[in-house]
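Structure first, commentary second.
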Amino acid sequence: MGEILKIVEAVRSGKSSARAEVEKAIAAARANEKLHAFLEVLEDEALVRADEIDARIARGEDVGRLAGVPYAVKDNYLTTVGHTTAAAQILENFESPINATAIERLNNEGAILIGKTNLDAFAHGGSTENSGYGPTHNVADFDRVAGGSSGGSAVAVAAGVVPFAMGSDTGGSIREPASFNGVVGYKPTYGAISRYGVVAMASSTDVLGPLTRTVADAEILMEILAGQDGRDATVHPDYYKTETVVPKNLKIGLIEEYVGEGVDPEIVARTREYVTKLTEMGHSVSNVTLPMAKYAIAIYYIVVPAELSSNLARYDGVRYGVRAKDAKDLEGVYSLSRDIGFVPENKRRVMIGSYVLSSGYFDAYYLQAQKARTLLIQEFDKLFAEYDFLIGPTAPETAWKIGAHAGDPIKDYLADLMTTPPSLAGLPAISIPNGESKNGLPIGIQIIGPQKSDARLLAFAKEVEK
Ligand code: GLN
């Protein structure tokens, strides 16, 4: 059983209460304050909600499948309580008039939001060092990064503050921090969960998903979150249904490029141990190749900046958030507000995106990248005609020292080697803990499935987790 069900049963049976669970979570958030997982802890609001839920339970009402379960959410989800900053100064004072669909669905099932978690500003990054409000610290080693961009959500779960926290994943932002902190990070099929009310990064790869301590918890959350929402036209018709049959005798492909050059040998060794475990369970694992994987980072860092440069155009100092005080004219409002409101990585990506979309370079960069992306998708399709799932590590290295990549963004980008291919192809992928390095840093294994294989993928991951 996952942790969510344990809390729900305790709250429903009167062994615990929503208030007790929330108080516990708030106390844990305070006790772990120095990790800087949270940008805002919503104590008063959460306690009011908890008392409402307890009162409803006392009246015999059914308050839902997440009765009294405290949770945290990445600060790029719009919430009517607290602020929504996307960890960027430009939204420092922004209060959302709406809740994201995902937040609505969780709240409707009785879950209680206790805080907004830190991220790389606008989710641009893989370490949470690009936050406009300072980095989040790794749960296993304070001097190391949390991973990112959902670093705050990963650490909130890993530190035991909440049983689940929501993240977003454009090129690895749920899976990589999950792997760096030893928790489960699940990126569903593109379009499985409505993105309505979440700050857009790259619209063709953005997905929402949970960070949890068990796979069973991710399953419950998928049941609640997946499915159509009239406010996001990219959501697939409802297809998710938790798989109760344990998948047996699967054909699994170990992606050779994921255990090759440039990958930490300790991570390769852990991955091979995992393969042994799978074969002992009766699955067959063969080496497969995904030659286009070596271009994934190049493709990703053209397509994604192109899309985000357009999505970030709305932050103009007029409609949302902070406006530069010393601007003298309209042009100045735009440029100065964006200058003080974006972190350097946001600006770099807007510049790259505008460049690759400009008339002289569109064909040479953006169009080429989209063609290469199609080839990558075709390679995945070919593999999935033969294999049920593909595996490999989640990241080529363990969490690095805070500041180690300073001034060299390419080093950050290289950490996305294994997470960007499934993102570009819209595939579901999960990172689950797979031991640790000699110096005690968590390592993750990634399982990738064909589109809409979410239920089977989770059922498989749950079985191996046992
Ligand atoms: N690390 C990747 C990047 O910097 C992924 C970010 C994300 O998934 N939001 O773009």
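To be explicit about the labels: the chains of the structure tokens are called A, B, and onward in the order shown, and within each one the residues are counted from 1, while ligands get numbers from 1 in the order they are shown.
With a cut-off of 8 Å and using only C-alpha atoms and all ligand atoms, the polymer residues contacting ligand 1 are Phe122, Ala123, His124, Gly125, Gly126, Ser127, Gly148, Ser149, Ser150, Ser168, Asp169, Thr170, Gly171, Gly172, Ser173, Ile174, Glu176, Met201, Asp206, Tyr300, Tyr301, Val304, Asp412, Tyr413, Ala415, Asp416 and Thr420 of chain A.
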Apply DSSP to the structure's backbone, then extract all residues of stretch 262-388 of chain A labelled strand (DSSP E) and return them as an MDAnalysis selection string.
-> chainID A and resid 284:288
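Near A:Ala156, within a cut-off of 10 Å and counting only C-alpha atoms, sit the residues A:Ala25, A:Ala28, A:Ala29, A:Asn32, A:Leu35, A:His36, A:Ala37, A:Phe38, A:Tyr71, A:Ala72, A:Val73, A:Gly115, A:Thr117, A:Asn118, A:Val139, A:Gly151, A:Val161, A:Val162, A:Pro163, A:Phe164, A:Ala165, A:Asn181, A:Leu211, A:Thr212, with same-chain residues fewer than 5 positions away left out.
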How would the residues just picked look written out with N, CA and C atoms as a tab-separated table (two decimals), in the first residue's frame?
```
chain	number	residue	atom	x	y	z
A	25	ALA	N	2.62	17.93	8.71
A	25	ALA	CA	3.31	18.36	7.48
A	25	ALA	C	3.92	19.75	7.64
A	28	ALA	N	6.96	19.56	9.74
A	28	ALA	CA	8.08	18.99	8.99
A	28	ALA	C	8.63	20.02	7.99
A	29	ALA	N	7.75	20.80	7.40
A	29	ALA	CA	8.22	21.85	6.47
A	29	ALA	C	9.09	22.84	7.23
A	32	ASN	N	12.50	21.45	8.16
A	32	ASN	CA	13.41	21.30	7.01
A	32	ASN	C	13.60	22.60	6.24
A	35	LEU	N	16.48	23.47	3.82
A	35	LEU	CA	16.62	22.85	2.49
A	35	LEU	C	16.01	23.75	1.39
A	36	HIS	N	15.18	24.68	1.82
A	36	HIS	CA	14.54	25.64	0.90
A	36	HIS	C	13.74	24.95	-0.21
A	37	ALA	N	12.95	23.97	0.23
A	37	ALA	CA	12.06	23.30	-0.73
A	37	ALA	C	10.86	24.19	-1.03
A	38	PHE	N	10.46	25.01	-0.06
A	38	PHE	CA	9.24	25.80	-0.22
A	38	PHE	C	9.52	27.28	-0.47
A	71	TYR	N	-0.47	18.03	0.62
A	71	TYR	CA	0.42	17.97	-0.54
A	71	TYR	C	1.01	19.33	-0.82
A	72	ALA	N	2.04	19.32	-1.66
A	72	ALA	CA	2.70	20.55	-2.07
A	72	ALA	C	2.69	20.61	-3.58
A	73	VAL	N	2.87	21.80	-4.11
A	73	VAL	CA	2.81	21.94	-5.55
A	73	VAL	C	3.88	22.93	-6.02
A	115	GLY	N	1.68	24.09	0.58
A	115	GLY	CA	2.72	25.05	0.20
A	115	GLY	C	3.11	24.97	-1.25
A	117	THR	N	6.24	25.06	-3.98
A	117	THR	CA	7.65	24.65	-3.93
A	117	THR	C	8.53	25.37	-4.96
A	118	ASN	N	9.80	25.37	-4.63
A	118	ASN	CA	10.81	26.08	-5.43
A	118	ASN	C	11.10	25.35	-6.75
A	139	VAL	N	18.46	16.46	-0.57
A	139	VAL	CA	18.08	15.86	0.70
A	139	VAL	C	19.21	15.00	1.28
A	151	GLY	N	12.73	20.80	-8.25
A	151	GLY	CA	13.59	20.43	-7.12
A	151	GLY	C	12.89	20.56	-5.78
A	161	VAL	N	8.04	15.59	4.20
A	161	VAL	CA	7.08	16.64	4.56
A	161	VAL	C	5.68	16.28	4.09
A	162	VAL	N	5.58	15.83	2.85
A	162	VAL	CA	4.28	15.46	2.26
A	162	VAL	C	4.44	14.11	1.54
A	163	PRO	N	3.34	13.34	1.44
A	163	PRO	CA	3.44	12.07	0.72
A	163	PRO	C	3.52	12.25	-0.80
A	164	PHE	N	3.02	13.40	-1.28
A	164	PHE	CA	3.18	13.67	-2.71
A	164	PHE	C	3.27	15.16	-2.97
A	165	ALA	N	3.94	15.49	-4.06
A	165	ALA	CA	4.02	16.88	-4.50
A	165	ALA	C	3.93	16.87	-6.01
A	181	ASN	N	17.07	12.76	-5.56
A	181	ASN	CA	16.69	12.75	-4.15
A	181	ASN	C	16.10	11.42	-3.69
A	211	LEU	N	5.38	13.61	-7.83
A	211	LEU	CA	6.56	13.04	-7.16
A	211	LEU	C	6.05	12.39	-5.89
A	212	THR	N	6.41	11.13	-5.68
A	212	THR	CA	5.86	10.36	-4.57
A	212	THR	C	6.96	9.49	-3.97
```
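With only C-alpha atoms as the basis for measurement, A:Arg213 is the residue among A:Arg59, A:Arg213, A:Lys15, A:Lys34 that approaches A:Lys462 most closely.
If only C-alpha atoms are the atoms counted, then among A:Glu21, A:Glu3, A:Glu345, A:Glu219 the closest residue to A:Thr244 is A:Glu219.
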May I have all residues of stretch 20-213 of chain A that DSSP, computed from the backbone, assigns to helix (DSSP H, G or I), given as a short mmCIF file (atom, residue, chain, number, x, y, z; two decimals) with N, CA and C atoms, in the first residue's frame?
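Contents of selection_32.cif, freshly written:
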```cif
data_model
loop_
_atom_site.label_atom_id
_atom_site.label_comp_id
_atom_site.auth_asym_id
_atom_site.auth_seq_id
_atom_site.Cartn_x
_atom_site.Cartn_y
_atom_site.Cartn_z
N ALA A 20 -4.55 16.95 12.14
CA ALA A 20 -3.32 16.33 12.64
C ALA A 20 -2.33 16.12 11.50
N GLU A 21 -2.82 15.68 10.35
CA GLU A 21 -1.93 15.43 9.20
C GLU A 21 -1.32 16.73 8.70
N VAL A 22 -2.13 17.77 8.65
CA VAL A 22 -1.63 19.06 8.17
C VAL A 22 -0.62 19.63 9.18
N GLU A 23 -0.94 19.53 10.46
CA GLU A 23 0.00 20.05 11.47
C GLU A 23 1.34 19.34 11.39
N LYS A 24 1.27 18.03 11.17
CA LYS A 24 2.50 17.24 11.03
C LYS A 24 3.32 17.73 9.83
N ALA A 25 2.62 17.93 8.71
CA ALA A 25 3.31 18.36 7.48
C ALA A 25 3.92 19.75 7.64
N ILE A 26 3.17 20.65 8.26
CA ILE A 26 3.68 22.02 8.45
C ILE A 26 4.91 21.99 9.38
N ALA A 27 4.81 21.18 10.42
CA ALA A 27 5.95 21.09 11.35
C ALA A 27 7.17 20.54 10.62
N ALA A 28 6.96 19.56 9.74
CA ALA A 28 8.08 18.99 8.99
C ALA A 28 8.63 20.02 7.99
N ALA A 29 7.75 20.80 7.40
CA ALA A 29 8.22 21.85 6.47
C ALA A 29 9.09 22.84 7.23
N ARG A 30 8.67 23.23 8.41
CA ARG A 30 9.46 24.18 9.22
C ARG A 30 10.79 23.55 9.64
N ALA A 31 10.74 22.28 10.06
CA ALA A 31 11.96 21.62 10.52
C ALA A 31 12.99 21.49 9.40
N GLU A 33 13.29 23.70 6.90
CA GLU A 33 13.32 25.02 6.23
C GLU A 33 14.64 25.28 5.50
N LYS A 34 15.75 24.82 6.09
CA LYS A 34 17.04 25.18 5.48
C LYS A 34 17.27 24.50 4.12
N LEU A 35 16.48 23.47 3.82
CA LEU A 35 16.62 22.85 2.49
C LEU A 35 16.01 23.75 1.39
N GLU A 43 0.19 27.82 5.87
CA GLU A 43 -0.29 27.21 7.11
C GLU A 43 -1.75 27.56 7.43
N ASP A 44 -2.06 28.84 7.44
CA ASP A 44 -3.42 29.24 7.86
C ASP A 44 -4.47 28.66 6.93
N GLU A 45 -4.24 28.80 5.64
CA GLU A 45 -5.21 28.31 4.65
C GLU A 45 -5.38 26.80 4.78
N ALA A 46 -4.26 26.09 5.00
CA ALA A 46 -4.32 24.63 5.08
C ALA A 46 -5.08 24.19 6.33
N LEU A 47 -4.89 24.89 7.42
CA LEU A 47 -5.59 24.50 8.65
C LEU A 47 -7.09 24.75 8.54
N VAL A 48 -7.47 25.83 7.91
CA VAL A 48 -8.90 26.09 7.69
C VAL A 48 -9.52 24.96 6.87
N ARG A 49 -8.82 24.58 5.79
CA ARG A 49 -9.31 23.48 4.93
C ARG A 49 -9.41 22.18 5.73
N ALA A 50 -8.38 21.93 6.56
CA ALA A 50 -8.35 20.69 7.33
C ALA A 50 -9.56 20.63 8.27
N ASP A 51 -9.86 21.74 8.92
CA ASP A 51 -11.00 21.75 9.85
C ASP A 51 -12.31 21.52 9.10
N GLU A 52 -12.41 22.10 7.92
CA GLU A 52 -13.61 21.88 7.10
C GLU A 52 -13.77 20.40 6.78
N ILE A 53 -12.66 19.79 6.40
CA ILE A 53 -12.71 18.37 6.02
C ILE A 53 -13.05 17.50 7.22
N ASP A 54 -12.44 17.81 8.36
CA ASP A 54 -12.76 17.04 9.57
C ASP A 54 -14.24 17.18 9.94
N ALA A 55 -14.75 18.39 9.77
CA ALA A 55 -16.17 18.61 10.10
C ALA A 55 -17.07 17.80 9.16
N ARG A 56 -16.70 17.77 7.91
CA ARG A 56 -17.50 17.00 6.95
C ARG A 56 -17.45 15.51 7.25
N ILE A 57 -16.27 15.04 7.62
CA ILE A 57 -16.15 13.61 7.98
C ILE A 57 -17.02 13.32 9.21
N ALA A 58 -16.99 14.24 10.17
CA ALA A 58 -17.79 14.05 11.40
C ALA A 58 -19.28 13.97 11.06
N GLN A 89 11.27 36.74 -10.42
CA GLN A 89 10.94 38.02 -9.81
C GLN A 89 9.78 38.72 -10.52
N ILE A 90 9.65 38.47 -11.82
CA ILE A 90 8.61 39.19 -12.56
C ILE A 90 7.21 38.85 -12.04
N LEU A 91 7.05 37.69 -11.41
CA LEU A 91 5.75 37.31 -10.85
C LEU A 91 5.73 37.35 -9.32
N THR A 101 -6.52 23.25 -13.21
CA THR A 101 -7.43 22.10 -13.19
C THR A 101 -6.91 21.01 -12.26
N ALA A 102 -5.60 20.76 -12.31
CA ALA A 102 -5.02 19.71 -11.45
C ALA A 102 -5.26 20.02 -9.97
N ILE A 103 -5.11 21.27 -9.60
CA ILE A 103 -5.34 21.67 -8.20
C ILE A 103 -6.81 21.46 -7.83
N GLU A 104 -7.70 21.86 -8.73
CA GLU A 104 -9.13 21.68 -8.49
C GLU A 104 -9.45 20.21 -8.24
N ARG A 105 -8.87 19.35 -9.11
CA ARG A 105 -9.19 17.92 -8.98
C ARG A 105 -8.68 17.34 -7.67
N LEU A 106 -7.48 17.74 -7.26
CA LEU A 106 -6.92 17.23 -6.00
C LEU A 106 -7.75 17.74 -4.83
N ASN A 107 -8.08 19.02 -4.86
CA ASN A 107 -8.86 19.60 -3.76
C ASN A 107 -10.24 18.96 -3.67
N ASN A 108 -10.84 18.70 -4.83
CA ASN A 108 -12.18 18.08 -4.82
C ASN A 108 -12.17 16.69 -4.20
N ALA A 121 13.55 29.17 -12.28
CA ALA A 121 12.58 30.16 -12.75
C ALA A 121 11.97 29.74 -14.08
N PHE A 122 10.64 29.73 -14.13
CA PHE A 122 9.87 29.32 -15.30
C PHE A 122 10.20 27.89 -15.74
N ALA A 123 10.76 27.11 -14.82
CA ALA A 123 11.11 25.70 -15.06
C ALA A 123 12.28 25.54 -16.04
N GLY A 151 12.73 20.80 -8.25
CA GLY A 151 13.59 20.43 -7.12
C GLY A 151 12.89 20.56 -5.78
N GLY A 152 12.11 21.61 -5.62
CA GLY A 152 11.43 21.82 -4.34
C GLY A 152 10.43 20.71 -4.06
N SER A 153 9.69 20.29 -5.09
CA SER A 153 8.70 19.22 -4.90
C SER A 153 9.39 17.90 -4.56
N ALA A 154 10.51 17.61 -5.23
CA ALA A 154 11.23 16.36 -4.96
C ALA A 154 11.74 16.33 -3.52
N VAL A 155 12.29 17.45 -3.07
CA VAL A 155 12.86 17.49 -1.71
C VAL A 155 11.75 17.47 -0.66
N ALA A 156 10.62 18.13 -0.95
CA ALA A 156 9.50 18.11 0.01
C ALA A 156 9.03 16.67 0.25
N VAL A 157 9.04 15.86 -0.80
CA VAL A 157 8.62 14.46 -0.66
C VAL A 157 9.75 13.63 -0.03
N ALA A 158 10.97 13.84 -0.49
CA ALA A 158 12.10 13.05 0.01
C ALA A 158 12.35 13.32 1.49
N ARG A 175 11.49 13.81 -13.45
CA ARG A 175 12.31 12.60 -13.30
C ARG A 175 13.70 12.87 -12.72
N GLU A 176 14.35 13.91 -13.19
CA GLU A 176 15.73 14.14 -12.74
C GLU A 176 15.82 14.50 -11.25
N PRO A 177 15.00 15.43 -10.76
CA PRO A 177 15.06 15.70 -9.31
C PRO A 177 14.60 14.49 -8.49
N ALA A 178 13.67 13.68 -9.02
CA ALA A 178 13.27 12.46 -8.31
C ALA A 178 14.49 11.57 -8.15
N SER A 179 15.23 11.41 -9.25
CA SER A 179 16.41 10.56 -9.22
C SER A 179 17.47 11.12 -8.27
N PHE A 180 17.66 12.42 -8.23
CA PHE A 180 18.68 13.04 -7.38
C PHE A 180 18.36 12.96 -5.88
N ASN A 181 17.07 12.76 -5.56
CA ASN A 181 16.69 12.75 -4.15
C ASN A 181 16.10 11.42 -3.69
#
```
